[in-house]
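One structure is given here, and the rest of the page talks about it.
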Number of protein chains: 4
Amino acid sequence: MSAPLRFGLIGTGRIGQVHATNIAGSPDAVLAWICDPFIEGAQSTSERLGGRVTTDSAEVFASGDVDAVVVASPTPTHIDLIAAAIDAGIPVLCEKPIDLDIARVERLRDKASTSGVPIALGFNRRFDPHFAELRRRVVAGEIGELEQLSIISRDPTPPPADYIPLSGGIFRDMTIHDFDMARFFVPEIVAVTAHGSNLFSEGIKEGGDYDTAVVTLRGSRGELISITNSRHSAYGYDQRLEAFGSKGLLQVGNVGETLVTRWGSDEVEARAPYLDFFLQRYADAYRDELAAFIELVRGGERRSPGFDDGRAALILADAATASAASGDTVTVDLG
Amino acid sequence: MSAPLRFGLIGTGRIGQVHATNIAGSPDAVLAWICDPFIEGAQSTSERLGGRVTTDSAEVFASGDVDAVVVASPTPTHIDLIAAAIDAGIPVLCEKPIDLDIARVERLRDKASTSGVPIALGFNRRFDPHFAELRRRVVAGEIGELEQLSIISRDPTPPPADYIPLSGGIFRDMTIHDFDMARFFVPEIVAVTAHGSNLFSEGIKEGGDYDTAVVTLRGSRGELISITNSRHSAYGYDQRLEAFGSKGLLQVGNVGETLVTRWGSDEVEARAPYLDFFLQRYADAYRDELAAFIELVRGGERRSPGFDDGRAALILADAATASAASGDTVTVDLG
Amino acid sequence: MSAPLRFGLIGTGRIGQVHATNIAGSPDAVLAWICDPFIEGAQSTSERLGGRVTTDSAEVFASGDVDAVVVASPTPTHIDLIAAAIDAGIPVLCEKPIDLDIARVERLRDKASTSGVPIALGFNRRFDPHFAELRRRVVAGEIGELEQLSIISRDPTPPPADYIPLSGGIFRDMTIHDFDMARFFVPEIVAVTAHGSNLFSEGIKEGGDYDTAVVTLRGSRGELISITNSRHSAYGYDQRLEAFGSKGLLQVGNVGETLVTRWGSDEVEARAPYLDFFLQRYADAYRDELAAFIELVRGGERRSPGFDDGRAALILADAATASAASGDTVTVDLG
Amino acid sequence: MSAPLRFGLIGTGRIGQVHATNIAGSPDAVLAWICDPFIEGAQSTSERLGGRVTTDSAEVFASGDVDAVVVASPTPTHIDLIAAAIDAGIPVLCEKPIDLDIARVERLRDKASTSGVPIALGFNRRFDPHFAELRRRVVAGEIGELEQLSIISRDPTPPPADYIPLSGGIFRDMTIHDFDMARFFVPEIVAVTAHGSNLFSEGIKEGGDYDTAVVTLRGSRGELISITNSRHSAYGYDQRLEAFGSKGLLQVGNVGETLVTRWGSDEVEARAPYLDFFLQRYADAYRDELAAFIELVRGGERRSPGFDDGRAALILADAATASAASGDTVTVDLG
């Protein structure tokens, strides 16, 4: 059995905490370094789970005792940290998105692809056991040729109003997960048509963004993919997937906390609302995302989405943003 | 195509109305005579659906223009009306039970079996499309050998308190349907163990009956059958069936009015309560019961339960009554 | 109680037979006249259900003993038959579509709206008990403001190849039902974006049509409506509806023949495939469609979609056809 | 925060491994000692998870560095190990059953109740999140007064034939879990009626045991509880619970690995078979069972079933064994 990988974690916010816990809980990983410019975050994480702390990510890369890094810092820092990891020859798992500016992504692309350093992007939903099993069965041919894919993705509640202007817009911030999910099934997307609407949130409207969206993607074989988004959902986190093909359909519905159903005089077969928080809904996915990254670092088969998947999702988000503004279909070339 | 059968209907209460409507609506039947000692019931039915009226059932049997009768009059009249139908050589569909007194049933048995006159008993649930399909698949061997059968049967609300002393008790009045359903799958029952309880209805208790019951039947091959009864159900008519065998299980759940489900902030996947009334729940069953009887009269394959099925259900109900009182298992011989 | 309406039926094909049976089975209607240029169709229907026969629809309109007509003849005859009904002052229930040519529809519009003769269009799905109940609950405010609507509509098998060139294309032939369903919830549609694809049928491709489609509609308040279509479905007729609003979601899934589920060693909770034929799936809807039309003729509240609903659906179909060809969103004015 | 409890584990078989893993994975526990007469089992567990090893349980009790013990050794050793724990003043979590001989259990009862040493019995199903949530809602009054309880419990496959004679019979070996589940809801059981049958396993029959059973329990308020057992189940582990009361019903169905459903040309809405192994089905329950025991040891509220719960389940199992043999209801006094 190999020695556990020594991880450096950069960023100790909400997602950083998830990664810290999963690293500490994995038999194949140890939390060696924790970096955050707010040193208190790094320190409290270290107290809970161990690891040396620093405010300077360069110290992590230069330490000599880190086998892999997880980047969970704010989006604008991602691209430089990926570059630094490549320069240091240290495999990196970076949260999505790579960046909000495709030009900056394109500038790093060659280096990323030629360096040989394993890069994984944090599209955690690929690792959700339900979605992953559905895809395995599609790949196994269970529904014949895939013809249509439906992705429903609604957040329980909108983000704070002051986050909206920094978010890059709903397509780059929220739909980007769905773009990657679409590409999990249909990697080659050729056209994007998007519709946005303002139906319930004044704050989002004032921030210049949509609170509701519908996107249609076309795959290179003519597959049609529908994405339905909303920034709110009264009944909890709405995360559904449906793959339709010549031989049938595979479906994943929403996840509840327990299987208890109630039959009363008002309604029957009623369940408690769905899991309300993405960290709860995707807890298993984050764990397997880390496991897949560790396999990748150790030279195993790549299950992790990579730099080009992050780039593709951003291209689709940009195209959706343009399409929603113009009303026209935007063709894309992900090659 | 044969001429429609000319029906005489005896009894125009709630169930009589169901049969009247189904006879009038069938292309294979006409409502020729309607009999009720309360002539107003017969007359109003006739105004709605046609047919001659009388207060005297003998007139129906003697009329010479009746091909079949449906007996929907009160239970104490059933056995004499079946006998009269046999004497007149007229096929009869009689509502359950044949009688509450097994001795009277036994006295008619020979005549019923040797007469050659088609007799059908109104165990309508055999004709419910869901239960009938489940049985077809059991008979087709889909679950291998049948090992266990679970019947859940709960009424929405108890009958009026003054009906209880006339009902013959829960086992003869309510469970009798479940005994027949059990025999639909396992005709040869050899032992009965029953438990009654008084949990919610003072009126039923004062009437000397149980409001809640559980019965276990044993088939001749050792099959174990569980019946669960209650005289009330907050969520509507609870009528479920589950057949378990060596290769799997077949299940029928409850029937709702529509497929609409609601996902709200309090609960999700909630449906409106189940159909609340047996005439609504079993509307299709009553229609097919009549169709099966018409086939029988016309010499087709027998799908209808017969006199001996009515007798067997009553024997089981008597055994259950005795078992619930004594706490002991009662063996039965239905041969 | 009113006398039954005397119906003239024009057209005795597949849909004509449905209407004939429902008219004959309704206590509020009689089948007085049956018209078909293929007189054998009219005659065999008359033998089964009664009514005088003719090859000439003018004879029906002139007969003086017809209170209402149902038009179930081929699409190109619809508009002239509606006009004839208006001229004769006879209420008409006409199968969809009014015509494939919007110009012809527009020419009849004034006459249709000013004549005062009740006109109903055969958008039967509005009368499906599941969809109708879902809408009642949306209208009652159960999900708050409607924000998104998802309509999935897949046919079990494609039509014959030689029908394709006559069909007007998938949007005018198949999606037209979904356009009307969209307008059942959001009458004022302002923009249409459509995508077609050829994924499985060479015959449809050669006929110049799509076998697969996705359409997005925008309502005047910004509501986003998604329609998903396919000309085939391995698991039976796929007809689903989902309404999403600020307070939750209401959903209708597919309809099976019975509630039986199977739990086996390979799979569990498996049901038989869905109803495979639209006449079976929508049998209740056709009956209520007729009942609503009879109410309309008798001066009751209008529940039936009318001429302008038929016109609106065709405008949306035309817009979808144009949008699918150009890739651009097409704005529409249904006023 | 308290120091982690130092655990001694006695027995390193299948269940012992579960406890070992959970102890090692808990932030509130450390695996201090591992005892097994087959020292290899103890050693390999220690290599994996740490802890000192011994073949002699007395060494564990005398070590002075153990705060609690888990007894996962064969049933005949349980009672002496509980007694030893009491003597040593060390809290003990013991796997079910306490013993197969009620006389031996009764002899320890006084000592167990007066010692003040926390004793917990391994009725893990009380800690299943689904069943526990159902009970919380029953206790909260959601269904009004509890009137009926249905427990379905079927194992995927029978135990090896040579285990049967040692098992104590199906009621003491398998149904004992269901007896405890019944008492989780209705602690005071007053009567037991049981039925056993031999339907599929020659080995079980030759071992003098039943492969199929149905049990009815009566609570002191007249509640009726139905237990349905089978030693095989083609579709996986069948573990269902249904509580019925005056205001409605709460239900828990079976647990699958993922939510994927398949809609094909043969069947629709089909899921993969249920979890097939009790360690997988009840993995969460074993973890929470340990957590509850740790709370108990630390002086928190008792959530763990205790010695008297183990005794009560055995009394019910004995009564069921007698009832199945005699056909009579057996009254019990659990006081």
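Just so we're on the same page: first chain in the structure tokens is A, next is B, and so on; residues restart at 1 for each chain, and ligands are numbered from 1 in the order they show up.
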
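Set the cut-off at 9 Å, count only C-alpha atoms, and the residues of chain D near chain C turn out to be Ser233, Ala234, Tyr235, Gly236, Thr261, Arg262, Trp263, Gly264, Ser265, Asp266, Glu267, Val268, Glu269, Ala270, Arg271, Ala272, Pro273 and Tyr274 of chain D.
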
Store the residues picked out above, limited to N, CA, C and O atoms, as a PDB file, in the first residue's frame.
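Output (result-v2.pdb):
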ATOM      1  N   SER D 233     -35.282 -13.794  -0.051  1.00  0.00           N
ATOM      2  CA  SER D 233     -35.928 -12.683  -0.745  1.00  0.00           C
ATOM      3  C   SER D 233     -35.165 -12.441  -2.029  1.00  0.00           C
ATOM      4  O   SER D 233     -34.018 -11.995  -2.019  1.00  0.00           O
ATOM      5  N   ALA D 234     -35.818 -12.722  -3.142  1.00  0.00           N
ATOM      6  CA  ALA D 234     -35.149 -12.649  -4.449  1.00  0.00           C
ATOM      7  C   ALA D 234     -34.664 -11.245  -4.781  1.00  0.00           C
ATOM      8  O   ALA D 234     -33.709 -11.067  -5.537  1.00  0.00           O
ATOM      9  N   TYR D 235     -35.297 -10.232  -4.224  1.00  0.00           N
ATOM     10  CA  TYR D 235     -35.041  -8.842  -4.625  1.00  0.00           C
ATOM     11  C   TYR D 235     -34.172  -8.092  -3.629  1.00  0.00           C
ATOM     12  O   TYR D 235     -34.103  -6.862  -3.667  1.00  0.00           O
ATOM     13  N   GLY D 236     -33.514  -8.815  -2.721  1.00  0.00           N
ATOM     14  CA  GLY D 236     -32.630  -8.152  -1.747  1.00  0.00           C
ATOM     15  C   GLY D 236     -33.293  -8.076  -0.386  1.00  0.00           C
ATOM     16  O   GLY D 236     -34.390  -8.583  -0.170  1.00  0.00           O
ATOM     17  N   THR D 261     -33.633   5.116 -12.028  1.00  0.00           N
ATOM     18  CA  THR D 261     -34.715   4.262 -12.512  1.00  0.00           C
ATOM     19  C   THR D 261     -34.605   4.134 -14.026  1.00  0.00           C
ATOM     20  O   THR D 261     -34.152   5.040 -14.709  1.00  0.00           O
ATOM     21  N   ARG D 262     -35.066   2.986 -14.500  1.00  0.00           N
ATOM     22  CA  ARG D 262     -34.977   2.671 -15.931  1.00  0.00           C
ATOM     23  C   ARG D 262     -36.374   2.568 -16.508  1.00  0.00           C
ATOM     24  O   ARG D 262     -37.258   1.974 -15.905  1.00  0.00           O
ATOM     25  N   TRP D 263     -36.560   3.150 -17.660  1.00  0.00           N
ATOM     26  CA  TRP D 263     -37.829   3.035 -18.381  1.00  0.00           C
ATOM     27  C   TRP D 263     -37.505   2.377 -19.720  1.00  0.00           C
ATOM     28  O   TRP D 263     -36.958   3.021 -20.609  1.00  0.00           O
ATOM     29  N   GLY D 264     -37.842   1.124 -19.864  1.00  0.00           N
ATOM     30  CA  GLY D 264     -37.525   0.418 -21.098  1.00  0.00           C
ATOM     31  C   GLY D 264     -38.771  -0.124 -21.766  1.00  0.00           C
ATOM     32  O   GLY D 264     -39.893   0.105 -21.306  1.00  0.00           O
ATOM     33  N   SER D 265     -38.568  -0.873 -22.820  1.00  0.00           N
ATOM     34  CA  SER D 265     -39.716  -1.378 -23.575  1.00  0.00           C
ATOM     35  C   SER D 265     -40.396  -2.530 -22.844  1.00  0.00           C
ATOM     36  O   SER D 265     -41.529  -2.875 -23.151  1.00  0.00           O
ATOM     37  N   ASP D 266     -39.697  -3.111 -21.886  1.00  0.00           N
ATOM     38  CA  ASP D 266     -40.283  -4.227 -21.127  1.00  0.00           C
ATOM     39  C   ASP D 266     -40.956  -3.747 -19.842  1.00  0.00           C
ATOM     40  O   ASP D 266     -42.039  -4.204 -19.480  1.00  0.00           O
ATOM     41  N   GLU D 267     -40.288  -2.843 -19.144  1.00  0.00           N
ATOM     42  CA  GLU D 267     -40.810  -2.342 -17.874  1.00  0.00           C
ATOM     43  C   GLU D 267     -40.349  -0.902 -17.696  1.00  0.00           C
ATOM     44  O   GLU D 267     -39.375  -0.478 -18.302  1.00  0.00           O
ATOM     45  N   VAL D 268     -41.029  -0.184 -16.815  1.00  0.00           N
ATOM     46  CA  VAL D 268     -40.656   1.208 -16.554  1.00  0.00           C
ATOM     47  C   VAL D 268     -40.495   1.450 -15.058  1.00  0.00           C
ATOM     48  O   VAL D 268     -40.990   0.683 -14.233  1.00  0.00           O
ATOM     49  N   GLU D 269     -39.793   2.530 -14.762  1.00  0.00           N
ATOM     50  CA  GLU D 269     -39.575   2.968 -13.370  1.00  0.00           C
ATOM     51  C   GLU D 269     -38.873   1.901 -12.536  1.00  0.00           C
ATOM     52  O   GLU D 269     -39.007   1.864 -11.308  1.00  0.00           O
ATOM     53  N   ALA D 270     -38.106   1.058 -13.205  1.00  0.00           N
ATOM     54  CA  ALA D 270     -37.456  -0.067 -12.537  1.00  0.00           C
ATOM     55  C   ALA D 270     -36.154   0.381 -11.884  1.00  0.00           C
ATOM     56  O   ALA D 270     -35.360   1.102 -12.480  1.00  0.00           O
ATOM     57  N   ARG D 271     -35.962  -0.048 -10.655  1.00  0.00           N
ATOM     58  CA  ARG D 271     -34.738   0.259  -9.913  1.00  0.00           C
ATOM     59  C   ARG D 271     -33.900  -1.009  -9.761  1.00  0.00           C
ATOM     60  O   ARG D 271     -34.420  -2.128  -9.848  1.00  0.00           O
ATOM     61  N   ALA D 272     -32.649  -0.833  -9.491  1.00  0.00           N
ATOM     62  CA  ALA D 272     -31.790  -1.976  -9.170  1.00  0.00           C
ATOM     63  C   ALA D 272     -32.278  -2.595  -7.857  1.00  0.00           C
ATOM     64  O   ALA D 272     -32.855  -1.903  -7.017  1.00  0.00           O
ATOM     65  N   PRO D 273     -32.067  -3.900  -7.682  1.00  0.00           N
ATOM     66  CA  PRO D 273     -32.522  -4.549  -6.438  1.00  0.00           C
ATOM     67  C   PRO D 273     -31.997  -3.838  -5.198  1.00  0.00           C
ATOM     68  O   PRO D 273     -31.004  -3.103  -5.242  1.00  0.00           O
ATOM     69  N   TYR D 274     -32.662  -4.090  -4.088  1.00  0.00           N
ATOM     70  CA  TYR D 274     -32.319  -3.427  -2.831  1.00  0.00           C
ATOM     71  C   TYR D 274     -30.963  -3.886  -2.314  1.00  0.00           C
ATOM     72  O   TYR D 274     -30.441  -4.921  -2.727  1.00  0.00           O
TER      73      TYR D 274
END

So that I can see what lies close to D:Arg104, please list as a count of residues only the residues with an atom at most 8 Å from it, counting only C-alpha atoms and leaving out residues fewer than 4 positions away in the same chain. 3

Which polymer residues have any atom within 12 Å of an atom of stretch 139-143 of chain B, counting only C-alpha atoms, with same-chain residues fewer than 4 positions away left out, as a VMD selection string? (chain B and resid 132 to 135 147 to 149 184 to 186 242 to 251) or (chain C and resid 261 to 265) or (chain D and resid 233 to 235)

Excluding A:Gln43 and any residue of its chain fewer than 3 positions from it, enumerate the residues within 12 Å of it, using only C-alpha atoms, and give them as a compact mmCIF listing (two decimals) with all heavy atoms, in the first residue's frame.
# COMPACT_ATOMS: atom_id res chain seq x y z
N GLY A 11 -7.12 27.82 0.68
CA GLY A 11 -8.48 28.34 0.85
C GLY A 11 -9.23 27.53 1.87
O GLY A 11 -9.34 26.31 1.75
N THR A 12 -9.77 28.19 2.89
CA THR A 12 -10.43 27.46 3.97
C THR A 12 -11.85 27.96 4.21
O THR A 12 -12.35 27.95 5.33
CB THR A 12 -9.62 27.56 5.28
OG1 THR A 12 -9.55 28.94 5.65
CG2 THR A 12 -8.25 26.98 5.15
N TRP A 33 -0.41 20.85 4.62
CA TRP A 33 -0.33 22.31 4.66
C TRP A 33 -1.71 22.91 4.44
O TRP A 33 -2.50 22.41 3.65
CB TRP A 33 0.58 22.82 3.52
CG TRP A 33 2.04 22.75 3.83
CD1 TRP A 33 2.87 21.71 3.57
CD2 TRP A 33 2.83 23.78 4.43
NE1 TRP A 33 4.15 22.00 3.98
CE2 TRP A 33 4.15 23.28 4.52
CE3 TRP A 33 2.56 25.07 4.92
CZ2 TRP A 33 5.19 24.02 5.07
CZ3 TRP A 33 3.61 25.81 5.45
CH2 TRP A 33 4.91 25.27 5.54
N ILE A 34 -1.92 24.01 5.15
CA ILE A 34 -3.17 24.74 4.97
C ILE A 34 -2.81 26.21 4.78
O ILE A 34 -2.13 26.80 5.62
CB ILE A 34 -4.09 24.61 6.20
CG1 ILE A 34 -4.30 23.13 6.52
CG2 ILE A 34 -5.42 25.31 5.96
CD1 ILE A 34 -4.96 22.91 7.87
N CYS A 35 -3.32 26.76 3.67
CA CYS A 35 -2.96 28.15 3.35
C CYS A 35 -4.21 29.00 3.24
O CYS A 35 -5.18 28.63 2.58
CB CYS A 35 -2.20 28.15 2.01
SG CYS A 35 -1.98 29.81 1.33
N ASP A 36 -4.18 30.12 3.90
CA ASP A 36 -5.24 31.10 3.73
C ASP A 36 -4.68 32.44 4.14
O ASP A 36 -4.03 32.56 5.17
CB ASP A 36 -6.46 30.75 4.61
CG ASP A 36 -7.72 31.42 4.10
OD1 ASP A 36 -7.75 32.66 3.95
OD2 ASP A 36 -8.69 30.69 3.81
N PRO A 37 -4.91 33.50 3.32
CA PRO A 37 -4.44 34.84 3.71
C PRO A 37 -5.07 35.28 5.04
O PRO A 37 -4.46 36.05 5.77
CB PRO A 37 -4.91 35.74 2.56
CG PRO A 37 -5.71 34.90 1.63
CD PRO A 37 -5.51 33.48 1.99
N PHE A 38 -6.25 34.76 5.33
CA PHE A 38 -6.81 34.97 6.66
C PHE A 38 -6.32 33.83 7.53
O PHE A 38 -6.89 32.74 7.52
CB PHE A 38 -8.34 35.00 6.59
CG PHE A 38 -8.85 36.07 5.68
CD1 PHE A 38 -9.16 35.77 4.35
CD2 PHE A 38 -8.99 37.40 6.12
CE1 PHE A 38 -9.60 36.77 3.49
CE2 PHE A 38 -9.43 38.39 5.26
CZ PHE A 38 -9.73 38.08 3.94
N ILE A 39 -5.29 34.03 8.22
CA ILE A 39 -4.57 32.94 8.89
C ILE A 39 -5.44 32.23 9.92
O ILE A 39 -5.27 31.04 10.18
CB ILE A 39 -3.25 33.46 9.52
CG1 ILE A 39 -2.35 32.29 9.94
CG2 ILE A 39 -3.55 34.40 10.69
CD1 ILE A 39 -1.83 31.48 8.76
N GLU A 40 -6.45 32.97 10.44
CA GLU A 40 -7.33 32.33 11.43
C GLU A 40 -8.04 31.12 10.84
O GLU A 40 -8.24 30.12 11.52
CB GLU A 40 -8.37 33.32 11.97
CG GLU A 40 -7.78 34.47 12.77
CD GLU A 40 -7.22 35.60 11.89
OE1 GLU A 40 -7.35 35.49 10.64
OE2 GLU A 40 -6.66 36.57 12.43
N SER A 46 -6.43 23.72 11.03
CA SER A 46 -5.30 22.92 11.50
C SER A 46 -5.55 22.35 12.89
O SER A 46 -5.22 21.20 13.18
CB SER A 46 -4.03 23.78 11.50
OG SER A 46 -2.98 23.09 12.14
N GLU A 47 -6.13 23.18 13.75
CA GLU A 47 -6.44 22.68 15.10
C GLU A 47 -7.39 21.50 15.04
O GLU A 47 -7.29 20.55 15.81
CB GLU A 47 -7.07 23.79 15.94
CG GLU A 47 -6.02 24.70 16.58
CD GLU A 47 -6.58 26.07 16.93
OE1 GLU A 47 -7.78 26.13 17.28
OE2 GLU A 47 -5.82 27.06 16.81
N ARG A 48 -8.32 21.55 14.12
CA ARG A 48 -9.32 20.49 14.00
C ARG A 48 -8.71 19.24 13.35
O ARG A 48 -9.01 18.12 13.75
CB ARG A 48 -10.50 21.01 13.17
CG ARG A 48 -11.71 20.11 13.13
CD ARG A 48 -12.95 20.86 12.63
NE ARG A 48 -12.83 21.30 11.24
CZ ARG A 48 -13.20 20.57 10.18
NH1 ARG A 48 -13.69 19.36 10.35
NH2 ARG A 48 -13.07 21.04 8.95
N LEU A 49 -7.86 19.47 12.33
CA LEU A 49 -7.49 18.33 11.49
C LEU A 49 -5.99 18.17 11.28
O LEU A 49 -5.55 17.26 10.56
CB LEU A 49 -8.16 18.48 10.11
CG LEU A 49 -9.70 18.56 10.15
CD1 LEU A 49 -10.23 19.12 8.84
CD2 LEU A 49 -10.28 17.19 10.43
N GLY A 50 -5.19 19.03 11.88
CA GLY A 50 -3.75 18.94 11.70
C GLY A 50 -3.25 19.71 10.49
O GLY A 50 -4.04 20.31 9.76
N GLY A 51 -1.93 19.74 10.26
CA GLY A 51 -1.35 20.41 9.11
C GLY A 51 -0.68 21.72 9.49
O GLY A 51 -1.08 22.41 10.41
N ARG A 52 0.40 22.07 8.74
CA ARG A 52 1.08 23.35 8.96
C ARG A 52 0.30 24.47 8.28
O ARG A 52 -0.42 24.24 7.31
CB ARG A 52 2.49 23.29 8.40
CG ARG A 52 3.31 22.19 9.05
CD ARG A 52 4.70 22.11 8.45
NE ARG A 52 5.44 23.35 8.64
CZ ARG A 52 6.67 23.56 8.16
NH1 ARG A 52 7.28 22.60 7.46
NH2 ARG A 52 7.29 24.70 8.37
N VAL A 53 0.42 25.67 8.79
CA VAL A 53 -0.37 26.77 8.24
C VAL A 53 0.53 27.86 7.67
O VAL A 53 1.68 28.03 8.09
CB VAL A 53 -1.30 27.41 9.31
CG1 VAL A 53 -2.24 26.35 9.88
CG2 VAL A 53 -0.48 28.07 10.40
N THR A 54 -0.04 28.57 6.70
CA THR A 54 0.68 29.70 6.11
C THR A 54 -0.33 30.63 5.46
O THR A 54 -1.44 30.23 5.13
CB THR A 54 1.70 29.22 5.06
OG1 THR A 54 2.31 30.38 4.46
CG2 THR A 54 1.01 28.43 3.94
N THR A 55 0.09 31.88 5.28
CA THR A 55 -0.75 32.81 4.52
C THR A 55 -0.29 32.87 3.07
O THR A 55 -0.92 33.51 2.24
CB THR A 55 -0.66 34.24 5.09
OG1 THR A 55 0.70 34.65 5.08
CG2 THR A 55 -1.23 34.28 6.52

Mind checking which residues fall within 7 Å of B:Val252, counting only C-alpha atoms, ignoring those fewer than 3 positions away in the same chain, and posting them as number ranges by chain? B: 130-131, 240-242; C: 259-261
